[in-house]
file run.cif (mmCIF, C-alpha atoms and all ligand atoms)
data_run
loop_
_atom_site.label_atom_id
_atom_site.label_comp_id
_atom_site.auth_asym_id
_atom_site.auth_seq_id
_atom_site.Cartn_x
_atom_site.Cartn_y
_atom_site.Cartn_z
CA MET A 1 0.00 0.00 0.00
CA ASP A 2 1.13 3.53 -0.78
CA LYS A 3 2.23 5.85 1.96
CA ILE A 4 -0.70 7.94 3.09
CA GLU A 5 0.78 11.21 1.75
CA ASP A 6 1.15 9.66 -1.70
CA GLN A 7 -2.35 8.18 -1.59
CA LEU A 8 -3.90 11.55 -0.79
CA LYS A 9 -2.18 13.20 -3.76
CA LYS A 10 -3.21 10.61 -6.33
CA PRO A 11 -5.65 12.05 -8.90
CA LEU A 12 -7.69 8.85 -9.13
CA PHE A 13 -8.12 8.76 -5.35
CA LYS A 14 -9.06 12.45 -5.31
CA ASN A 15 -11.67 11.78 -8.00
CA TRP A 16 -13.08 8.98 -5.89
CA VAL A 17 -13.34 11.25 -2.84
CA LYS A 18 -14.93 13.97 -4.98
CA GLY A 19 -17.35 11.42 -6.43
CA GLY A 20 -18.43 10.39 -2.95
CA LEU A 21 -18.90 14.00 -1.98
CA ALA A 22 -20.96 14.66 -5.11
CA TYR A 23 -23.31 11.84 -4.05
CA LYS A 24 -23.62 13.49 -0.65
CA TYR A 25 -24.71 16.72 -2.36
CA LEU A 26 -27.10 14.75 -4.58
CA LYS A 27 -28.73 13.11 -1.56
CA VAL A 28 -29.24 16.44 0.19
CA GLY A 29 -30.56 17.89 -3.07
CA LEU A 30 -33.15 15.14 -3.45
CA GLU A 31 -34.32 15.02 0.18
CA THR A 32 -37.22 17.50 0.26
CA PHE A 33 -38.51 16.51 -3.17
CA THR A 34 -38.47 12.81 -2.23
CA ASP A 35 -40.00 13.41 1.18
CA ASP A 36 -42.85 15.42 -0.37
CA ALA A 37 -43.49 12.67 -2.94
CA VAL A 38 -43.49 9.96 -0.25
CA HIS A 39 -45.91 11.98 1.92
CA GLU A 40 -48.24 12.72 -1.01
CA GLU A 41 -48.35 9.04 -1.97
CA HIS A 42 -49.12 8.14 1.66
CA SER A 43 -51.98 10.66 1.73
CA ARG A 44 -53.35 9.17 -1.48
CA LEU A 45 -53.30 5.68 0.04
CA LEU A 46 -55.10 6.86 3.18
CA LYS A 47 -57.67 8.77 1.13
CA ASP A 48 -58.35 5.75 -1.08
CA THR A 49 -58.82 3.42 1.88
CA LYS A 50 -61.10 5.95 3.57
CA LYS A 51 -63.21 6.12 0.41
CA LYS A 52 -63.66 2.37 0.71
CA ASN A 53 -64.74 2.87 4.35
CA ILE A 54 -61.65 1.09 5.60
CA GLU A 55 -60.42 2.23 9.01
CA VAL A 56 -56.71 2.25 9.79
CA CYS A 57 -55.09 -0.58 11.74
CA ASN A 58 -51.88 -0.93 13.73
CA LYS A 59 -52.36 -4.44 15.06
CA CYS A 60 -51.21 -6.78 12.30
CA SER A 61 -47.93 -8.54 11.73
CA LEU A 62 -46.37 -9.31 8.36
CA ASN A 63 -45.69 -12.91 9.36
CA ASN A 64 -49.37 -13.61 9.88
CA LEU A 65 -51.10 -11.27 7.48
CA LYS A 66 -53.47 -12.92 5.02
CA PRO A 67 -52.95 -11.05 1.75
CA LYS A 68 -55.75 -9.67 -0.40
CA HIS A 69 -55.10 -12.16 -3.21
CA GLU A 70 -55.64 -15.94 -3.27
CA LYS A 71 -53.22 -18.66 -4.31
CA GLU A 72 -53.78 -20.24 -7.73
CA PHE A 73 -53.74 -23.90 -8.70
CA ILE A 74 -51.34 -24.50 -11.59
CA ARG A 75 -52.48 -27.46 -13.65
CA GLN A 76 -49.12 -28.26 -15.22
CA THR A 77 -47.25 -28.52 -11.95
CA ARG A 78 -50.32 -29.61 -9.94
CA GLN A 79 -49.23 -27.17 -7.25
CA TYR A 80 -50.52 -23.95 -5.78
CA SER A 81 -48.61 -20.80 -6.52
CA CYS A 82 -48.83 -17.09 -5.75
CA PRO A 83 -50.39 -15.10 -8.61
CA TYR A 84 -47.72 -12.44 -8.03
CA ARG A 85 -44.98 -15.09 -8.22
CA GLN A 86 -43.87 -14.37 -4.66
CA THR A 87 -41.98 -17.27 -3.15
CA ARG A 88 -43.11 -18.02 0.41
CA CYS A 89 -46.06 -15.62 0.06
CA ASN A 90 -48.58 -15.78 2.90
CA CYS A 91 -51.29 -16.61 0.32
CA LEU A 92 -49.77 -20.12 0.13
CA TYR A 93 -50.53 -20.87 3.79
CA SER A 94 -53.95 -21.49 5.26
CA ASP A 95 -53.19 -20.34 8.82
CA LYS A 96 -52.80 -16.62 8.02
CA ILE A 97 -55.04 -14.02 9.63
CA GLU A 98 -57.04 -11.35 7.86
CA CYS A 99 -56.56 -7.75 9.02
CA PRO A 100 -59.59 -7.00 11.26
CA LYS A 101 -60.06 -3.65 9.50
CA GLY A 102 -59.02 -4.74 6.01
CA PHE A 103 -56.43 -1.95 6.05
CA CYS A 104 -53.12 -3.81 6.23
CA ASN A 105 -53.94 -6.23 3.40
CA GLU A 106 -55.16 -3.31 1.29
CA ILE A 107 -51.86 -1.43 1.74
CA HIS A 108 -49.91 -4.68 1.33
CA ASN A 109 -51.65 -5.16 -2.00
CA GLU A 110 -50.88 -1.59 -3.08
CA ILE A 111 -47.19 -2.05 -2.33
CA LEU A 112 -47.13 -5.35 -4.21
CA THR A 113 -48.97 -4.12 -7.28
CA ASN A 114 -47.10 -0.80 -7.49
CA HIS A 115 -43.66 -2.39 -7.36
CA ALA A 116 -41.91 -1.93 -10.69
CA SER A 117 -39.95 -5.21 -10.75
CA ASN A 118 -41.21 -8.25 -12.59
CA PRO A 119 -42.14 -10.18 -10.51
CA PRO A 120 -42.70 -7.47 -7.90
CA ALA A 121 -40.10 -7.55 -5.14
CA PRO A 122 -41.13 -5.43 -2.14
CA ASN A 123 -38.62 -5.62 0.67
CA TRP A 124 -40.77 -6.45 3.69
CA LYS A 125 -37.66 -6.65 5.87
CA ASN A 126 -37.40 -2.84 5.83
CA THR A 127 -40.81 -2.02 7.28
CA HIS A 128 -42.85 -1.89 10.48
CA ILE A 129 -46.36 -2.81 9.29
CA SER A 130 -47.93 -1.44 12.49
CA GLU A 131 -46.83 2.06 11.46
CA TRP A 132 -48.19 2.03 7.89
CA SER A 133 -51.03 4.38 8.77
CA ILE A 134 -48.87 6.99 10.52
CA HIS A 135 -45.39 6.96 8.98
CA PRO A 136 -45.17 7.44 5.20
CA TRP A 137 -41.59 6.14 5.10
CA GLU A 138 -42.65 2.77 6.52
CA ILE A 139 -44.43 2.20 3.22
CA ALA A 140 -41.73 3.86 1.08
CA LYS A 141 -38.99 1.70 2.60
CA CYS A 142 -40.63 -1.43 1.12
CA PHE A 143 -39.36 -0.19 -2.26
CA ILE A 144 -35.70 -0.21 -1.21
CA ASN A 145 -34.00 -3.36 -2.50
CA ALA A 146 -31.29 -3.65 0.12
CA PRO A 147 -32.03 -4.55 3.73
CA GLY A 148 -30.86 -2.44 6.67
CA TYR A 149 -33.49 0.29 6.69
CA ILE A 150 -35.86 -1.22 9.28
CA ASP A 151 -35.09 1.40 11.91
CA LYS A 152 -34.71 4.37 9.58
CA LYS A 153 -37.44 6.91 10.24
CA THR A 154 -37.03 9.99 8.07
CA VAL A 155 -35.63 10.97 4.69
CA ASN A 156 -32.45 12.17 6.43
CA ASP A 157 -31.82 8.61 7.59
CA ILE A 158 -32.12 7.20 4.07
CA ASP A 159 -28.95 7.07 1.99
CA ILE A 160 -28.77 8.01 -1.67
CA ALA A 161 -29.18 4.39 -2.83
CA GLY A 162 -32.41 4.14 -0.81
CA ILE A 163 -33.74 7.41 -2.21
CA LEU A 164 -33.03 6.32 -5.79
CA HIS A 165 -34.60 2.89 -5.20
CA VAL A 166 -37.79 4.52 -3.91
CA PHE A 167 -38.19 6.34 -7.23
CA ILE A 168 -37.10 3.42 -9.39
CA ASN A 169 -39.24 0.76 -7.71
CA ASN A 170 -42.44 2.59 -6.81
CA MET A 171 -44.44 3.05 -10.03
CA ARG A 172 -46.67 5.56 -8.21
CA LEU A 173 -43.66 7.89 -7.97
CA HIS A 174 -42.69 7.63 -11.65
CA PRO A 175 -45.00 10.52 -12.62
CA TYR A 176 -42.91 12.78 -10.36
CA LEU A 177 -40.08 12.53 -12.88
CA ASP A 178 -39.98 13.52 -16.51
CA CYS A 179 -37.46 10.80 -17.37
CA LEU A 180 -38.91 7.52 -18.53
CA LEU A 181 -37.72 4.66 -16.35
CA ASN A 182 -36.36 1.93 -18.63
CA HIS A 183 -33.29 0.59 -16.77
CA ASN A 184 -31.06 2.82 -18.88
CA ASP A 185 -32.55 6.09 -17.69
CA ILE A 186 -30.81 8.88 -15.82
CA ILE A 187 -31.92 7.70 -12.38
CA ASN A 188 -30.74 4.12 -12.95
CA LYS A 189 -27.46 5.43 -14.36
CA THR A 190 -27.06 7.59 -11.25
CA LEU A 191 -27.58 4.52 -9.08
CA GLN A 192 -25.04 2.54 -11.12
CA GLY A 193 -22.53 5.37 -10.70
CA ARG A 194 -23.09 5.35 -6.98
CA ASN A 195 -22.48 1.60 -6.82
CA MET A 196 -19.33 1.96 -8.94
CA ILE A 197 -17.90 4.51 -6.50
CA PHE A 198 -18.94 2.97 -3.21
CA HIS A 199 -17.99 -0.56 -4.19
CA SER A 200 -14.71 0.41 -5.81
CA PRO A 201 -12.12 -1.85 -4.18
CA SER A 202 -9.25 0.41 -5.24
CA MET A 203 -10.99 3.62 -4.05
CA GLU A 204 -10.14 5.12 -7.42
CA LEU A 205 -12.24 6.83 -10.06
CA THR A 206 -11.16 7.92 -13.55
CA LEU A 207 -11.79 11.50 -14.60
CA ASP A 208 -14.10 10.27 -17.37
CA ASP A 209 -16.20 8.30 -14.90
CA PHE A 210 -16.26 11.22 -12.46
CA THR A 211 -17.41 13.55 -15.24
CA ALA A 212 -20.08 11.18 -16.56
CA THR A 213 -21.42 10.42 -13.08
CA THR A 214 -21.66 14.03 -12.00
CA ASP A 215 -23.20 15.04 -15.36
CA ASN A 216 -25.90 12.41 -14.75
CA MET A 217 -26.53 13.80 -11.26
CA ILE A 218 -26.99 17.31 -12.67
CA THR A 219 -29.37 16.07 -15.38
CA LEU A 220 -31.42 14.29 -12.71
CA LEU A 221 -31.50 17.32 -10.40
CA LYS A 222 -32.72 19.46 -13.31
CA ASP A 223 -35.51 17.04 -14.21
CA LYS A 224 -38.22 19.02 -15.97
CA LYS A 225 -41.17 17.59 -14.05
CA GLY A 226 -40.51 19.43 -10.82
CA LEU A 227 -37.00 18.96 -9.51
CA TYR A 228 -35.76 21.92 -11.55
CA LEU A 229 -38.01 24.12 -9.40
CA ASN A 230 -36.84 22.63 -6.10
CA GLU A 231 -34.53 24.97 -4.23
CA ASN A 232 -32.47 22.26 -2.54
CA ALA A 233 -32.02 20.40 -5.81
CA GLN A 234 -30.71 23.52 -7.51
CA LYS A 235 -28.36 24.24 -4.60
CA ALA A 236 -27.00 20.74 -5.07
CA VAL A 237 -26.44 21.43 -8.78
CA GLU A 238 -24.31 24.43 -7.84
CA ASN A 239 -22.32 22.44 -5.29
CA ILE A 240 -21.69 19.63 -7.77
CA LYS A 241 -20.67 22.08 -10.50
CA GLN A 242 -18.23 23.71 -8.12
CA LEU A 243 -16.80 20.32 -7.25
CA LYS A 244 -16.33 19.63 -10.97
CA ARG A 245 -14.51 22.93 -11.49
CA ASN A 246 -12.17 22.87 -8.53
CA ASP A 247 -9.38 20.71 -7.37
CA ILE A 248 -9.72 19.64 -3.77
CA TYR A 249 -7.18 19.70 -1.04
CA ILE A 250 -7.26 16.54 0.88
CA THR A 251 -5.99 17.03 4.36
CA THR A 252 -5.95 14.93 7.43
CA GLN A 253 -5.59 15.79 11.06
CA ASN A 254 -4.31 12.40 11.89
CA GLU A 255 -2.65 10.53 9.11
CA VAL A 256 -2.21 7.40 11.15
CA ASP A 257 -5.95 7.13 11.83
CA VAL A 258 -6.85 7.68 8.20
CA CYS A 259 -4.30 5.16 7.09
CA LYS A 260 -5.76 2.64 9.51
CA GLU A 261 -9.25 3.34 8.19
CA ILE A 262 -8.21 2.86 4.59
CA LYS A 263 -6.62 -0.43 5.55
CA GLN A 264 -9.74 -1.58 7.39
CA LEU A 265 -11.88 -0.61 4.42
CA GLU A 266 -9.70 -2.60 2.09
CA GLU A 267 -10.03 -5.60 4.33
CA VAL A 268 -13.82 -5.56 4.23
CA THR A 269 -14.16 -4.56 0.59
CA ASN A 270 -14.74 -8.05 -0.64
CA ALA A 271 -16.88 -9.15 2.25
CA GLN A 272 -20.44 -8.88 1.03
CA GLN A 273 -21.86 -8.70 4.54
CA ASN A 274 -21.93 -5.40 6.43
CA THR A 275 -22.36 -3.47 3.19
CA LEU A 276 -24.14 -0.53 4.82
CA LYS A 277 -21.55 -0.36 7.57
CA TYR A 278 -18.81 -0.49 4.95
CA ILE A 279 -20.38 2.33 2.97
CA SER A 280 -20.91 4.54 5.99
CA GLN A 281 -17.29 3.93 7.02
CA LYS A 282 -16.21 5.03 3.57
CA GLN A 283 -18.41 8.09 3.76
CA GLU A 284 -16.94 8.97 7.15
CA LEU A 285 -13.52 8.69 5.63
CA GLN A 286 -14.50 10.94 2.75
CA LYS A 287 -15.87 13.54 5.18
CA LYS A 288 -12.62 13.47 7.13
CA LEU A 289 -10.52 13.83 4.04
CA ILE A 290 -12.28 16.87 2.67
CA LYS A 291 -11.69 20.20 4.25
ZN ZN B 1 -49.30 -14.42 -2.85
ZN ZN B 2 -54.29 -4.74 10.24
#
call {"tool": "encode", "arguments": {"input": "run.cif", "output": "C-alpha cells"}}
result
Amino acid sequence: MDKIEDQLKKPLFKNWVKGGLAYKYLKVGLETFTDDAVHEEHSRLLKDTKKKNIEVCNKCSLNNLKPKHEKEFIRQTRQYSCPYRQTRCNCLYSDKIECPKGFCNEIHNEILTNHASNPPAPNWKNTHISEWSIHPWEIAKCFINAPGYIDKKTVNDIDIAGILHVFINNMRLHPYLDCLLNHNDIINKTLQGRNMIFHSPSMELTLDDFTATTDNMITLLKDKKGLYLNENAQKAVENIKQLKRNDIYITTQNEVDVCKEIKQLEEVTNAQQNTLKYISQKQELQKKLIK
C-alpha cells in the first residue's frame, strides 16, 4: 500500500473522494422533493382506503397477514402458486389471519402491485407494518432493494441508494419525474454510478467516470417535471458544478488514523456482509478527508 501522503495526492483517489462527496450533495438535493413525494403518496393511500370505508389498523404482523389475493392452482405442476410469483407468500398458507379492518392487506396489495420489478419484489424486511397508517416512510422503505433500513425513520436517515430505489421501484412515484424509467434512464445510471464509487475496491475513479457520473446527477437534479423548481435540488447542482470545477485539497488531522481506516476498508471490501456499515465507514472517511 502507498504511503498515506502519496495516496492523498493521487488524482484517481481524489476523483473517488470527490465522487463520494458529489453523491452526498445529490442526496441532500433530493431530500425535500423525495420526502414530499413519499408523503403525497401516503396521503393518497389513506384517502383511497377511507373512500372504501376502511379504518386504519396498527395491530397486524407481516408474518401472519393474510394477503388480499388468493393462491392459484397450476395445472401443469399440480401445485398452488402465488399469482404475483412471490416465493413463500402468505397466500400459500392457510393459517394466516385477515386484518380485522381490512387496512393492512389493502396497503400490502398496493405495495405489491405498485412495485416496478417483474415479478414485484417489495422488501418487507425494511418495514414496520404497524406504522403504515402513521409513517409514510414505513411504506416507502418497502421499495428499497437492500435490507438495513428497518429502523430508519425519516428521509435524512435514508442514503442516496435508498432514495433512488424509492423512485425506481415505486411506479406511483414515476410521474414525479420527466425521465422515462427503462433501466437505462438517468436515475438508474445515477444509481449505477453510486455503486461503482462505493464498491470500488481500489478507491479510485477515472476522470471520465467522475465527469459522466456528476453530469448524470446534474441532469437528474434538473428534471423538468418538478426537480428543476426545487430549491435544494438547484443548490446541489451548484455544489456539484463547483466540485467539478475545482481541485480539492485533501488534508488529514491524523494521518495514522486515516491510514488505519483505509486499511480496514480494504479488508472488508470483498466481504459482502456489512455493506451498509462499509459504505458509511467510507463516507466517514470521505468527510474526514475533505476540508
Ligand atoms: Zn401471494
Ligand atoms: Zn391490520
call {"tool": "residues_near_ligand", "arguments": {"input": "run.cif", "ligand": "ligand ZN 2 (chain B)", "cutoff": "9 Å", "atoms": "all atoms listed in the file", "output": "VMD selection string"}}
result
chain A and resid 56 to 61 65 98 to 105 129 to 130
call {"tool": "residues_around", "arguments": {"input": "run.cif", "residues": "Lys152 of chain A", "least_positions_apart": "5", "cutoff": "9 Å", "atoms": "only C-alpha atoms", "output": "PyMOL selection string"}}
result
chain A and resi 126+137-138+141+157-158
call {"tool": "closest_atom_pairs", "arguments": {"input": "run.cif", "of": "chain A", "to": "ligand ZN 1 (chain B)", "cutoff": "8 Å", "atoms": "all atoms listed in the file", "output": "tab-separated table"}}
result
residue	atom	partner	partner_atom	distance
A:Pro67	CA	B:ZN1	ZN	6.8
A:His69	CA	B:ZN1	ZN	6.2
A:Glu70	CA	B:ZN1	ZN	6.5
A:Lys71	CA	B:ZN1	ZN	6.0
A:Ser81	CA	B:ZN1	ZN	7.4
A:Cys82	CA	B:ZN1	ZN	4.0
A:Pro83	CA	B:ZN1	ZN	5.9
A:Tyr84	CA	B:ZN1	ZN	5.8
A:Arg85	CA	B:ZN1	ZN	6.9
A:Gln86	CA	B:ZN1	ZN	5.7
A:Thr87	CA	B:ZN1	ZN	7.9
A:Arg88	CA	B:ZN1	ZN	7.9
A:Cys89	CA	B:ZN1	ZN	4.5
A:Asn90	CA	B:ZN1	ZN	6.0
A:Cys91	CA	B:ZN1	ZN	4.3
A:Leu92	CA	B:ZN1	ZN	6.4
call {"tool": "closest_residue", "arguments": {"input": "run.cif", "among": "A:Gln234, A:Ser94, A:Asn246, A:Thr154", "to": "Pro136 of chain A", "atoms": "all atoms listed in the file"}}
result
A:Thr154
call {"tool": "atom_distance", "arguments": {"input": "run.cif", "atom1": "atom CA of Thr190 of chain A", "atom2": "atom CA of Gly148 of chain A"}}
result
20.9 Å
